[in-house]
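Q: structure25.cif is the file, holding mmCIF, C-alpha atoms:
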data_input
#
loop_
_atom_site.label_atom_id
_atom_site.label_comp_id
_atom_site.auth_asym_id
_atom_site.auth_seq_id
_atom_site.Cartn_x
_atom_site.Cartn_y
_atom_site.Cartn_z
CA ASP Y 1437 -5.17 -60.95 -55.88
CA GLU Y 1438 -2.72 -58.14 -56.54
CA MET Y 1439 -5.51 -55.91 -57.89
CA GLN Y 1440 -7.66 -56.67 -54.85
CA ALA Y 1441 -4.79 -55.82 -52.49
CA ALA Y 1442 -4.18 -52.56 -54.36
CA LEU Y 1443 -7.88 -51.71 -54.11
CA GLU Y 1444 -7.95 -52.33 -50.37
CA THR Y 1445 -4.80 -50.22 -49.93
CA SER Y 1446 -6.38 -47.37 -51.91
CA GLN Y 1447 -9.57 -47.58 -49.87
CA ALA Y 1448 -7.52 -47.44 -46.65
CA ASP Y 1449 -5.71 -44.36 -47.98
CA VAL Y 1450 -9.06 -42.70 -48.72
CA GLN Y 1451 -10.34 -43.45 -45.20
CA ARG Y 1452 -7.12 -42.09 -43.70
CA ALA Y 1453 -7.34 -38.95 -45.83
CA ARG Y 1454 -10.97 -38.42 -44.76
CA ALA Y 1455 -9.93 -38.81 -41.13
CA ASP Y 1456 -7.17 -36.21 -41.63
CA VAL Y 1457 -9.68 -33.83 -43.21
CA GLU Y 1458 -12.10 -34.30 -40.30
CA SER Y 1459 -9.30 -33.74 -37.78
CA ALA Y 1460 -8.25 -30.57 -39.58
CA ARG Y 1461 -11.87 -29.33 -39.54
CA LYS Y 1462 -12.09 -29.93 -35.81
CA GLN Y 1463 -8.84 -28.07 -35.17
CA LEU Y 1464 -10.00 -25.20 -37.37
CA GLY Y 1465 -13.25 -24.96 -35.44
CA SER Y 1466 -16.34 -23.07 -36.38
CA ARG Y 1467 -16.27 -20.01 -38.58
CA GLY Y 1468 -16.58 -16.46 -37.32
CA ALA Y 1469 -16.01 -15.11 -33.80
CA ASP Y 1470 -16.68 -18.49 -32.16
CA ASN Y 1471 -13.60 -20.02 -33.74
CA PRO Y 1472 -11.19 -21.08 -30.93
CA GLN Y 1473 -8.12 -19.80 -32.76
CA ILE Y 1474 -9.79 -16.46 -33.44
CA ARG Y 1475 -10.91 -16.21 -29.81
CA ALA Y 1476 -7.37 -17.01 -28.59
CA ALA Y 1477 -5.89 -14.40 -30.91
CA THR Y 1478 -8.47 -11.84 -29.75
CA ALA Y 1479 -7.60 -12.57 -26.10
CA GLU Y 1480 -3.90 -12.07 -26.83
CA LEU Y 1481 -4.70 -8.77 -28.55
CA GLU Y 1482 -6.72 -7.54 -25.57
CA ARG Y 1483 -3.94 -8.56 -23.20
CA ALA Y 1484 -1.39 -6.68 -25.30
CA ARG Y 1485 -3.61 -3.57 -25.32
CA LEU Y 1486 -3.99 -3.79 -21.52
CA ASP Y 1487 -0.21 -4.12 -21.07
CA LEU Y 1488 0.29 -1.09 -23.31
CA GLU Y 1489 -2.23 0.91 -21.29
CA ARG Y 1490 -0.55 -0.07 -18.03
CA SER Y 1491 2.86 0.94 -19.35
CA SER Y 1492 1.81 4.56 -18.65
CA VAL Y 1493 1.81 4.94 -14.86
CA MET Y 1494 -0.77 7.45 -13.64
CA ALA Y 1495 -0.65 8.89 -10.13
CA PRO Y 1496 -3.82 8.11 -8.15
CA SER Y 1497 -3.79 11.62 -6.63
CA ASP Y 1498 -1.59 14.65 -6.04
CA GLY Y 1499 1.67 13.57 -4.50
CA LEU Y 1500 5.41 13.14 -4.81
CA ILE Y 1501 7.66 10.44 -6.26
CA THR Y 1502 10.63 9.24 -4.22
CA ASN Y 1503 13.01 6.28 -4.24
CA LEU Y 1504 12.90 6.17 -8.06
CA LYS Y 1505 15.07 3.38 -9.47
CA LEU Y 1506 14.64 3.75 -13.23
CA ALA Y 1507 16.70 4.88 -16.19
CA VAL Y 1508 15.63 5.55 -19.78
CA GLY Y 1509 15.40 2.28 -21.70
CA GLN Y 1510 15.47 0.08 -18.61
CA TYR Y 1511 13.25 -3.01 -18.67
CA VAL Y 1512 10.97 -3.53 -15.68
CA GLN Y 1513 9.62 -6.91 -14.65
CA THR Y 1514 5.86 -7.14 -14.14
CA GLY Y 1515 4.96 -6.31 -10.57
CA ALA Y 1516 8.46 -5.16 -9.59
CA PRO Y 1517 8.47 -2.02 -7.35
CA VAL Y 1518 10.42 0.81 -8.99
CA MET Y 1519 9.33 3.88 -7.01
CA THR Y 1520 7.43 5.08 -3.96
CA PHE Y 1521 4.41 7.39 -4.22
CA VAL Y 1522 3.67 9.72 -1.31
CA ASP Y 1523 0.14 11.13 -1.11
CA THR Y 1524 0.34 14.82 -0.17
CA ARG Y 1525 -3.39 15.57 -0.06
CA THR Y 1526 -3.70 15.02 3.67
CA GLY Y 1527 -1.36 14.84 6.62
CA TRP Y 1528 -1.48 12.30 9.41
CA VAL Y 1529 0.63 11.37 12.40
CA VAL Y 1530 1.04 8.03 14.17
CA ALA Y 1531 1.78 8.52 17.87
CA GLU Y 1532 3.04 5.48 19.77
CA LEU Y 1533 1.50 6.09 23.19
CA ARG Y 1534 2.03 4.03 26.32
CA GLU Y 1535 -0.68 1.55 27.22
CA LYS Y 1536 -1.40 3.25 30.54
CA SER Y 1537 -2.07 6.52 28.67
CA LEU Y 1538 -4.94 5.04 26.65
CA GLY Y 1539 -7.48 4.74 29.47
CA ASN Y 1540 -9.08 8.16 28.96
CA LEU Y 1541 -8.27 8.47 25.27
CA GLN Y 1542 -11.21 8.59 22.85
CA ARG Y 1543 -11.74 9.11 19.17
CA GLY Y 1544 -12.21 12.80 18.44
CA ASP Y 1545 -10.02 14.06 21.30
CA LYS Y 1546 -8.12 17.22 20.42
CA ALA Y 1547 -4.36 17.00 20.01
CA GLU Y 1548 -1.43 19.22 19.06
CA VAL Y 1549 1.85 18.27 17.43
CA VAL Y 1550 5.24 19.89 16.99
CA LEU Y 1551 7.33 18.96 13.95
CA ASP Y 1552 11.10 18.81 14.12
CA GLY Y 1553 11.20 20.22 10.60
CA LEU Y 1554 9.16 23.29 11.60
CA PRO Y 1555 10.35 24.44 15.05
CA GLY Y 1556 8.30 27.09 16.80
CA GLN Y 1557 5.00 26.00 15.24
CA VAL Y 1558 2.16 24.01 16.79
CA PHE Y 1559 -0.35 22.22 14.58
CA PRO Y 1560 -3.85 21.22 15.78
CA MET Y 1561 -4.98 17.65 15.16
CA ARG Y 1562 -7.45 15.13 16.58
CA VAL Y 1563 -7.51 11.45 17.44
CA GLU Y 1564 -8.79 9.47 14.48
CA SER Y 1565 -8.30 5.91 15.69
CA ILE Y 1566 -6.62 3.86 18.43
CA ALA Y 1567 -5.01 0.51 17.62
CA TRP Y 1568 -6.57 -2.54 19.27
CA GLY Y 1569 -3.44 -4.64 19.09
CA VAL Y 1570 0.25 -4.77 18.19
CA SER Y 1571 2.59 -7.52 17.12
CA SER Y 1572 4.37 -9.36 19.91
CA GLY Y 1573 7.59 -9.18 17.91
CA SER Y 1574 8.55 -12.79 18.64
CA GLY Y 1575 8.99 -15.16 15.74
CA ARG Y 1576 7.36 -14.72 12.37
CA ASP Y 1577 4.21 -12.65 12.69
CA SER Y 1578 1.43 -13.15 10.15
CA SER Y 1579 -1.38 -11.43 12.03
CA GLY Y 1580 -1.05 -8.14 10.16
CA LEU Y 1581 -0.86 -6.17 13.40
CA PRO Y 1582 1.37 -3.08 13.55
CA THR Y 1583 4.85 -3.44 15.01
CA VAL Y 1584 6.06 -0.95 17.61
CA SER Y 1585 9.78 -0.43 18.18
CA GLU Y 1586 10.87 -1.45 21.66
CA GLN Y 1587 14.04 -0.38 23.47
CA LYS Y 1588 15.92 -3.19 25.17
CA GLU Y 1589 16.48 -2.29 28.82
CA TRP Y 1590 16.94 -4.09 32.13
CA LEU Y 1591 13.29 -3.63 32.91
CA ARG Y 1592 10.80 -4.07 30.11
CA SER Y 1593 9.43 -0.69 29.04
CA ALA Y 1594 5.70 -0.05 28.92
CA GLN Y 1595 3.88 -1.40 25.87
CA ARG Y 1596 3.00 1.22 23.28
CA PHE Y 1597 0.08 1.31 20.85
CA PRO Y 1598 -0.24 3.35 17.63
CA VAL Y 1599 -2.73 6.22 17.75
CA LEU Y 1600 -3.63 7.83 14.43
CA LEU Y 1601 -3.95 11.62 14.42
CA THR Y 1602 -5.42 13.63 11.57
CA GLY Y 1603 -6.07 17.31 10.97
CA ASP Y 1604 -8.41 19.46 8.94
CA ASN Y 1605 -5.51 21.43 7.49
CA LYS Y 1606 -2.80 19.85 5.36
CA LEU Y 1607 0.65 19.77 6.93
CA PRO Y 1608 3.17 22.03 5.12
CA LEU Y 1609 4.62 20.28 2.10
CA GLY Y 1610 8.42 20.27 1.96
CA SER Y 1611 8.95 20.41 5.71
CA VAL Y 1612 7.25 17.12 6.55
CA ARG Y 1613 8.36 13.78 5.20
CA VAL Y 1614 7.28 10.22 5.75
CA GLY Y 1615 9.08 9.06 8.88
CA SER Y 1616 9.57 12.54 10.34
CA LEU Y 1617 9.62 12.79 14.12
CA VAL Y 1618 6.95 14.76 15.95
CA ARG Y 1619 6.07 15.53 19.56
CA VAL Y 1620 2.44 15.00 20.52
CA ILE Y 1621 0.07 16.21 23.22
CA VAL Y 1622 -3.48 14.81 23.45
CA TYR Y 1623 -6.09 16.67 25.49
CA SER Y 1624 -8.23 13.99 27.12
CA GLY Y 1625 -10.71 14.59 29.93
CA GLU Y 1626 -11.95 17.89 31.31
CA SER Y 1627 -9.08 18.80 33.66
CA SER Y 1628 -8.37 22.47 32.93
CA ILE Y 1629 -5.18 22.40 35.01
CA MET Y 1630 -3.63 19.39 33.29
CA ASN Y 1631 -4.78 20.57 29.85
CA GLY Y 1632 -3.29 24.00 30.60
CA LEU Y 1633 0.03 22.46 31.60
CA ALA Y 1634 -0.03 20.31 28.46
CA TRP Y 1635 -0.78 23.39 26.34
CA LEU Y 1636 2.19 25.21 27.85
CA HIS Y 1637 4.45 22.16 27.58
CA ILE Y 1638 3.89 21.63 23.84
CA ARG Y 1639 4.61 25.31 23.12
CA LEU Y 1640 7.79 25.28 25.14
CA THR Y 1641 8.76 22.13 23.29
CA SER Y 1642 8.20 23.90 19.96
CA LEU Y 1643 10.56 26.69 21.05
CA PHE Y 1644 13.22 24.27 22.28
CA SER Y 1645 13.09 22.58 18.87
CA TYR Y 1646 15.20 25.43 17.54
CA VAL Y 1647 18.19 24.29 19.57
CA LEU Y 1648 17.54 20.60 20.34
#
Turn this file's structure into structure tokens for me.

A:
Amino acid sequence: DEMQAALETSQADVQRARADVESARKQLGSRGADNPQIRAATAELERARLDLERSSVMAPSDGLITNLKLAVGQYVQTGAPVMTFVDTRTGWVVAELREKSLGNLQRGDKAEVVLDGLPGQVFPMRVESIAWGVSSGSGRDSSGLPTVSEQKEWLRSAQRFPVLLTGDNKLPLGSVRVGSLVRVIVYSGESSIMNGLAWLHIRLTSLFSYVL
């Protein structure tokens, strides 16, 4: 009886050992590139190479770096903003025009702007696009529409809409910054008298920029 019990115990140990071997084979997987552990290690290697490549920040175009918040040896969390890139290849202006001024405005209309940073100079531009909506400014807005600043007065001021102006020539670098204030005249319609007055007004404005 004792020998029989010992034999059964030994047979159970053999079955258990075989099961352990089979489990180890399954965990090891197939040989070669299809092995799960090898594939996981390869994926980690590729991810590390991609992180290393992304550690060198390349500018997408000619431009300037501002609002830099980095020091040598500082650790940066993934996705955390650390600087602002300003594209200097082209210049554009956003004019917030009153709603009642948009009736005769069309894409391609000629415009002229005066920059506070360059008094006495008038730069030709044209209407590139006219916004079809703005945020109401009440509550939390998730529509993605642009927001226009509104002055609080006794009587509600006229609604304004952003109008994008672009030019063929690049605005002078160093005198124009993001957020700079400009004065805009758009020549809409065929009225030679009104266009002439607007032409004179914007040039007088450019001269007054020296003192105002």

Q: Hey, can you check how far CA of Leu1607 in chain Y sits from CA of Leu1551 in chain Y?

A: 9.7 Å

Q: What does the distance from CA of Ala1547 in chain Y to CA of Phe1559 in chain Y come to in Å, to one decimal?

A: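 Interatomic distance, CA of Ala1547 in chain Y to CA of Phe1559 in chain Y: 8.5 Å.
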
Q: Decode the PyMOL selection byres ((chain Y and resi 1569) around 9) for the given file into explicit residues and return them as a PyMOL selection string.

A: chain Y and resi 1567-1568+1570-1571+1581-1582+1597-1598

Q: Decode the PyMOL selection byres ((chain Y and resi 1524) around 12) for the given file into explicit residues and return them as a PyMOL selection string.

A: chain Y and resi 1495-1501+1521-1523+1525-1528+1605-1614

Q: Leu1601 in chain Y: which residues within 10 Å, counting only C-alpha atoms, same-chain residues fewer than 4 positions away excluded, as a PyMOL selection string?

A: chain Y and resi 1527-1531+1543-1549+1560-1566+1620+1622

Q: Taking every listed atom of range 1490-1494 of chain Y and adding 4 Å to each side, what centre and edge lengths in Å (one decimal) does the axis-aligned box have, as AutoDock Vina command-line options?

A:
--center_x 1.0 --center_y 3.7 --center_z -16.5 --size_x 11.6 --size_y 15.5 --size_z 13.7

Q: Would you work out the distance separating CA of Ser1624 in chain Y from CA of Gln1542 in chain Y, expressed in Å to one decimal?

A: 7.5 Å

Q: Determine the residue membership of the PyMOL selection byres ((chain Y and resi 1646) around 10) for the file above and supply it as a list in words.

A: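 Applying the PyMOL selection byres ((chain Y and resi 1646) around 10) to the structure shown produces Asp1552, Gly1553, Leu1554, Pro1555, Gly1556, Thr1641, Ser1642, Leu1643, Phe1644, Ser1645, Val1647 and Leu1648 of chain Y.
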
Q: Would you pick out the contacts of Lys1505 in chain Y at 12 Å or less, using all atoms listed in the file, so that residues sharing its chain but fewer than 6 positions from it are not included, and give the list as a list in words?

A: Tyr1511, Val1512, Ala1516, Pro1517, Val1518, Met1519 and Thr1520 of chain Y
